[in-house]
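**Q** I'd like to ask you about the structure that follows.
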There are 2 protein chains.
Amino acid sequence: MNHGDWLIEEQTPSYRTQWRVRRVLHEEQTPFQHLQLVELEDFGRALVLDGAVQTTVGDEYIYHEMIAHVPLFTHPNPERVLVIGGGDGGTAREVARHPSVKGIDMVEIDRAVVDACRRHLPETACGLDHPKVNLVIGDGLAWVAGRSDAYDVILVDSSDPVGPAEGLFNRTFYENVYRALKPGGIFVAQVLSPFFHQKLIRDVYQVVASIFPITMPYLAVVPTYPSGLHCFMLGSKEHSPLRPGIGAPTWRTRWYTPEVHRAAFQLPPVVAELLQPAAAPEGAQRPVQAASTP
Amino acid sequence: MNHGDWLIEEQTPSYRTQWRVRRVLHEEQTPFQHLQLVELEDFGRALVLDGAVQTTVGDEYIYHEMIAHVPLFTHPNPERVLVIGGGDGGTAREVARHPSVKGIDMVEIDRAVVDACRRHLPETACGLDHPKVNLVIGDGLAWVAGRSDAYDVILVDSSDPVGPAEGLFNRTFYENVYRALKPGGIFVAQVLSPFFHQKLIRDVYQVVASIFPITMPYLAVVPTYPSGLHCFMLGSKEHSPLRPGIGAPTWRTRWYTPEVHRAAFQLPPVVAELLQPAAAPEGAQRPVQAASTP
């Protein structure tokens with residue numbers, strides 16, 4: 001890719017997004033994935049993995065505030081937090097803001113992502129070097145499989161369920177997450193778009209709901225992700241994210257508020273229907289019914 | 001455009017969306033705009049005006065339910081409704097579902113849009129031929145300027161503020177809308193994306209807030225619109241959209257619920273800041289700060 005080129009992200013075989021690239025800052029094939037750091041004209045510097053935009057300076061705060069603050073304010077006193085993935089550091093940055101949090105283990109599989117973000121995305125990478133953060137370069141699956149009763153909150157800030165993140169979307173992983181959580185523990189995983197990944201969301205919901213007493217998806221808008229609507233799956237041992245009296249940030253946020261938190265759980269009927277196994281016709285993975293001309 | 005081509009929508013000079021076209025159903029230059037009816041691989045049949053996707057069978061229900069039901073359930077007894085624009089018929093279709101509504105005047109400037117949608121988008125165009133609907137081919141600005149105390153709800157379902165819809169975004173128009181509304185009347189206008197049209201949203205908010213005692217923007221996700229996040233501006237003479245006891249649909253909806261209604265008004269801080277005139281730096285029309293490499 002050259003300066004001035006378009007970065008073209010294939011969302012489906014028939015739907016693409018094009019971003020004009022002002023500068024290419026870094027590009028390499030890591031042992032795990034194709035890694036690019038680019039500067040987009042409209043959204044600023046961005047992390048791109050295997051051709052998919054992961055993080056941009058322009059809208060990263062929405063994703064990172066929503067994956068972190070929803071579970072951390074749902075938990076009455078989160079002290080120990082595990083972040084799986086999240087190599088850009090944005091999730092750790094938001095977790096570290098919570099005064100109750102004493103320690104954050106962050107397990108990212110690809111050192112090259114961390115190194116490149118430290119050089120080119122300091123806005124998020126500052127999270128990697130926060131004193132509360134213990135950064136581990138390693139396999140999140142193995143890490144979580146070896147822990148029990150260790151964390152109050154676990155955040156799965158992975159890339160999409162292909163490539164290195166594939167194992168983060170199956171039953172064994174979620175059973176291990178449950179075991180790794182303390183009583184009252186909560187986890188959140190990003191599960192992509194309700195318009196483009198219906199089968200994934202349905203499958204993850206069914207698995208998580210069979211393990212956690214409280215399982216609730218929530219939604220946030222992320223303009224640079226496909227369809228603009230992003231879904232997070234929350235599993236909780238005890239505390240409901242809609243319980244009265246959840247806390248509020250004592251610092252300035254750009255997207256999260258307690259009201260936005262509650263609003264994120266108000267699922268439109270077409271999204272709520274994804275949670276019912278019987279309602280799934282074959283081929284429901286398409287974003288919408290492809291209508292033929294009458 | 002040919003079958004199998006990509007429809008490329010330029011959202012900004014540096015950000016584009018590409019849709020693969022399965023079939024081209026209709027294409028013409030009308031006296032007002034370039035009109036295309038195409039069938040997209042992923043979102044089905046679609047109305048495209050001047051190169052911008054306006055309506056797709058795949059996600060039109062979100063936009064139409066949210067522009068119609070939010071004001072119509074806010075009003076305790078809407079009987080007379082005016083729709084300006086909305087040539088595809090989807091807004092009229094949703095308005096007509098309300099049992100209290102007795103008559104809908106719909107004023108669309110471009111007969112060619114109506115004709116083409118009747119042929120190729122019956123899912124929305126059914127609204128054009130509902131017995132409650134009085135369809136007028138004409139200028140919505142002139143229509144509303146000639147009315148007073150005539151409507152309970154006015155919906156401005158226009159295309160973007162360039163071309164034929166340009167006059168729908170200035171003070172005189174909103175003053176006329178106020179006069180055309182009965183006591184207790186409510187209007188809603190679509191005002192595009194909080195990420196790409198910040199100045200427009202700020203300007204419209206300031207004007208409407210200087211005319212209507214209650215002015216509240218609300219948000220909805222529309223995947224085929226730029227950034228996926230769409231903003232609506234609601235002006236109300238008396239009734240708050242957050243008043244207790246708003247009604248609920250007695251029919252099946254796909255996106256709207258009373259909970260989704262309330263959630264739509266919970267603005268994230270970066271959106272709420274758009275409503276403060278002092279907070280507007282020059283050039284704030286860009287979606288986000290274009291960050292330079294540190």
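The way I read the labels, and the way they are meant: chains A, B, ... in the order of the structure tokens, residue 1 as the first residue of every chain, and ligand 1 as the first ligand shown, with later ones counted on from there.
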Between chain A and chain B, at 8 Å or less, what are the per-residue closest atom pairs and their distances in Å? Count only C-alpha atoms, order by chain and rising residue number, and return it as CSV.
**A**
residue,atom,partner,partner_atom,distance
A:Ser14,CA,B:Arg20,CA,4.8
A:Tyr15,CA,B:Trp19,CA,4.8
A:Arg16,CA,B:Gln18,CA,5.0
A:Thr17,CA,B:Thr17,CA,4.7
A:Gln18,CA,B:Arg16,CA,5.0
A:Trp19,CA,B:Tyr15,CA,4.8
A:Arg20,CA,B:Ser14,CA,4.9
A:Glu39,CA,B:Thr293,CA,7.7
A:Glu41,CA,B:Ser14,CA,6.1
A:Asp42,CA,B:Ala290,CA,6.1
A:Phe43,CA,B:Ala290,CA,5.9
A:Gly44,CA,B:Ala291,CA,4.8
A:Arg45,CA,B:Ala291,CA,6.5
A:Val57,CA,B:Ala291,CA,7.0
A:Gly58,CA,B:Val288,CA,5.3
A:Asp59,CA,B:Val288,CA,7.6
A:His120,CA,B:Thr293,CA,6.8
A:Pro122,CA,B:Pro294,CA,7.8
A:Phe195,CA,B:Pro223,CA,8.0
A:Val221,CA,B:Leu229,CA,6.8
A:Val222,CA,B:Ser227,CA,7.7
A:Pro223,CA,B:Ser227,CA,4.4
A:Thr224,CA,B:Ser227,CA,6.9
A:Ser227,CA,B:Pro223,CA,4.3
A:Gly228,CA,B:Gly228,CA,4.3
A:Leu229,CA,B:Gly228,CA,6.8
A:Thr253,CA,B:Pro269,CA,7.1
A:Arg254,CA,B:Pro269,CA,5.1
A:Trp255,CA,B:Pro268,CA,4.5
A:Tyr256,CA,B:Pro268,CA,6.3
A:Thr257,CA,B:Pro268,CA,6.8
A:Glu259,CA,B:Gln266,CA,6.0
A:Val260,CA,B:Gln266,CA,5.7
A:Arg262,CA,B:Ala263,CA,7.8
A:Ala263,CA,B:Ala263,CA,4.5
A:Ala264,CA,B:Ala263,CA,7.5
A:Gln266,CA,B:Val260,CA,5.7
A:Leu267,CA,B:Val260,CA,7.0
A:Pro268,CA,B:Trp255,CA,4.5
A:Pro269,CA,B:Arg254,CA,5.2
A:Val270,CA,B:Arg254,CA,5.4
A:Arg286,CA,B:Asp42,CA,7.4
A:Pro287,CA,B:Asp42,CA,6.8
A:Val288,CA,B:Gly58,CA,5.3
A:Gln289,CA,B:Gly58,CA,6.5
A:Ala290,CA,B:Gly44,CA,4.9
A:Ala291,CA,B:Gly44,CA,4.7
A:Ser292,CA,B:Gly44,CA,6.9
A:Thr293,CA,B:His120,CA,6.8
A:Pro294,CA,B:His120,CA,7.2
**Q** Give me a file of those residues, with C-alpha atoms, as a compact mmCIF listing (two decimals), in the first residue's frame.
**A**
# COMPACT_ATOMS: atom_id res chain seq x y z
CA SER A 14 -20.71 -7.40 -1.91
CA TYR A 15 -20.13 -4.53 0.50
CA ARG A 16 -16.90 -2.64 1.01
CA THR A 17 -15.67 0.46 2.76
CA GLN A 18 -12.95 2.63 1.23
CA TRP A 19 -10.73 4.92 3.27
CA ARG A 20 -8.20 7.23 1.70
CA GLU A 39 -3.17 7.47 8.79
CA GLU A 41 -7.77 11.18 5.93
CA ASP A 42 -11.04 11.18 7.85
CA PHE A 43 -10.46 9.17 11.01
CA GLY A 44 -6.78 9.74 11.67
CA ARG A 45 -4.23 7.09 12.59
CA VAL A 57 -7.94 7.68 16.70
CA GLY A 58 -11.20 9.23 15.45
CA ASP A 59 -13.66 6.82 17.01
CA HIS A 120 2.18 5.18 16.28
CA PRO A 122 0.15 6.72 21.78
CA PHE A 195 -26.54 -6.90 10.77
CA VAL A 221 -22.30 2.60 17.48
CA VAL A 222 -18.78 2.40 16.05
CA PRO A 223 -18.70 4.26 12.72
CA THR A 224 -15.62 2.52 11.35
CA SER A 227 -22.88 -1.38 9.61
CA GLY A 228 -21.89 1.06 12.35
CA LEU A 229 -23.63 -1.06 14.99
CA THR A 253 -15.99 10.60 29.11
CA ARG A 254 -16.79 11.17 25.45
CA TRP A 255 -19.41 8.47 24.89
CA TYR A 256 -20.26 6.59 28.11
CA THR A 257 -22.73 7.86 30.65
CA GLU A 259 -27.86 6.76 30.73
CA VAL A 260 -26.01 5.57 27.62
CA ARG A 262 -28.86 1.65 30.23
CA ALA A 263 -29.89 2.66 26.70
CA ALA A 264 -27.38 0.21 25.22
CA GLN A 266 -32.69 -1.66 24.98
CA LEU A 267 -32.63 -4.08 22.08
CA PRO A 268 -34.80 -3.46 19.02
CA PRO A 269 -37.05 -6.45 18.21
CA VAL A 270 -34.94 -7.62 15.26
CA ARG A 286 -26.87 -12.65 5.72
CA PRO A 287 -27.33 -9.15 7.02
CA VAL A 288 -30.89 -8.87 5.82
CA GLN A 289 -33.18 -10.83 3.61
CA ALA A 290 -31.94 -10.33 0.07
CA ALA A 291 -35.16 -9.26 -1.50
CA SER A 292 -35.93 -10.15 -5.08
CA THR A 293 -37.78 -7.82 -7.36
CA PRO A 294 -41.52 -8.30 -7.10
**Q** Using the chain letters and numbers from this document, which residues of range 18-74 of chain A does DSSP assign to helix (DSSP H, G or I), as a list in words?
**A**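 So, restricting range 18-74 of chain A to helix (DSSP H, G or I), we get Glu60, Tyr61, Ile62, Tyr63, His64, Glu65, Met66, Ile67, Ala68, His69, Val70, Pro71, Leu72, Phe73 and Thr74 of chain A.
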**Q** Near range 152-158 of chain B, within 10 Å and counting only C-alpha atoms, which residues show up once chain neighbours fewer than 5 positions away are dropped, as a ChimeraX atom specification?
**A** /B:54,63-64,67-68,71-72,74-88,90-92,95,101,104-108,140,144,164-166,168-169,177-178,180-191,232-236
**Q** Within 9 Å of Val113 in chain B, counting only C-alpha atoms, which residues show up once you throw out same-chain ones fewer than 3 positions away? Write them as a VMD selection string, please.
**A** chain B and resid 30 35 to 36 47 49 87 to 88 108 to 110 116 to 118
**Q** Could you pull out the strand (DSSP E) residues of range 35-235 of chain A from DSSP and send them as a PyMOL selection string?
**A** chain A and resi 35-40+44-49+52-56+80-85+103-108+133-137+151-157+181-190+214-221+229-235
**Q** In Å to one decimal, how far is CA of Tyr205 in chain A from CA of Glu238 in chain A?
**A**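 It comes out at 17.2 Å.
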**Q** Please determine, counting only C-alpha atoms, which residue among A:Ala150, A:Val204, A:Ala145, A:Val70 has the shortest atom-to-atom distance to His239 in chain A.
**A** A:Val70
**Q** Taking into account only C-alpha atoms, which residue in the set B:Ala142, B:Met1, B:Ile246, B:Val48 is nearest to Gln33 in chain B?
**A**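 With only C-alpha atoms as the atom set, the closest residue is B:Val48.
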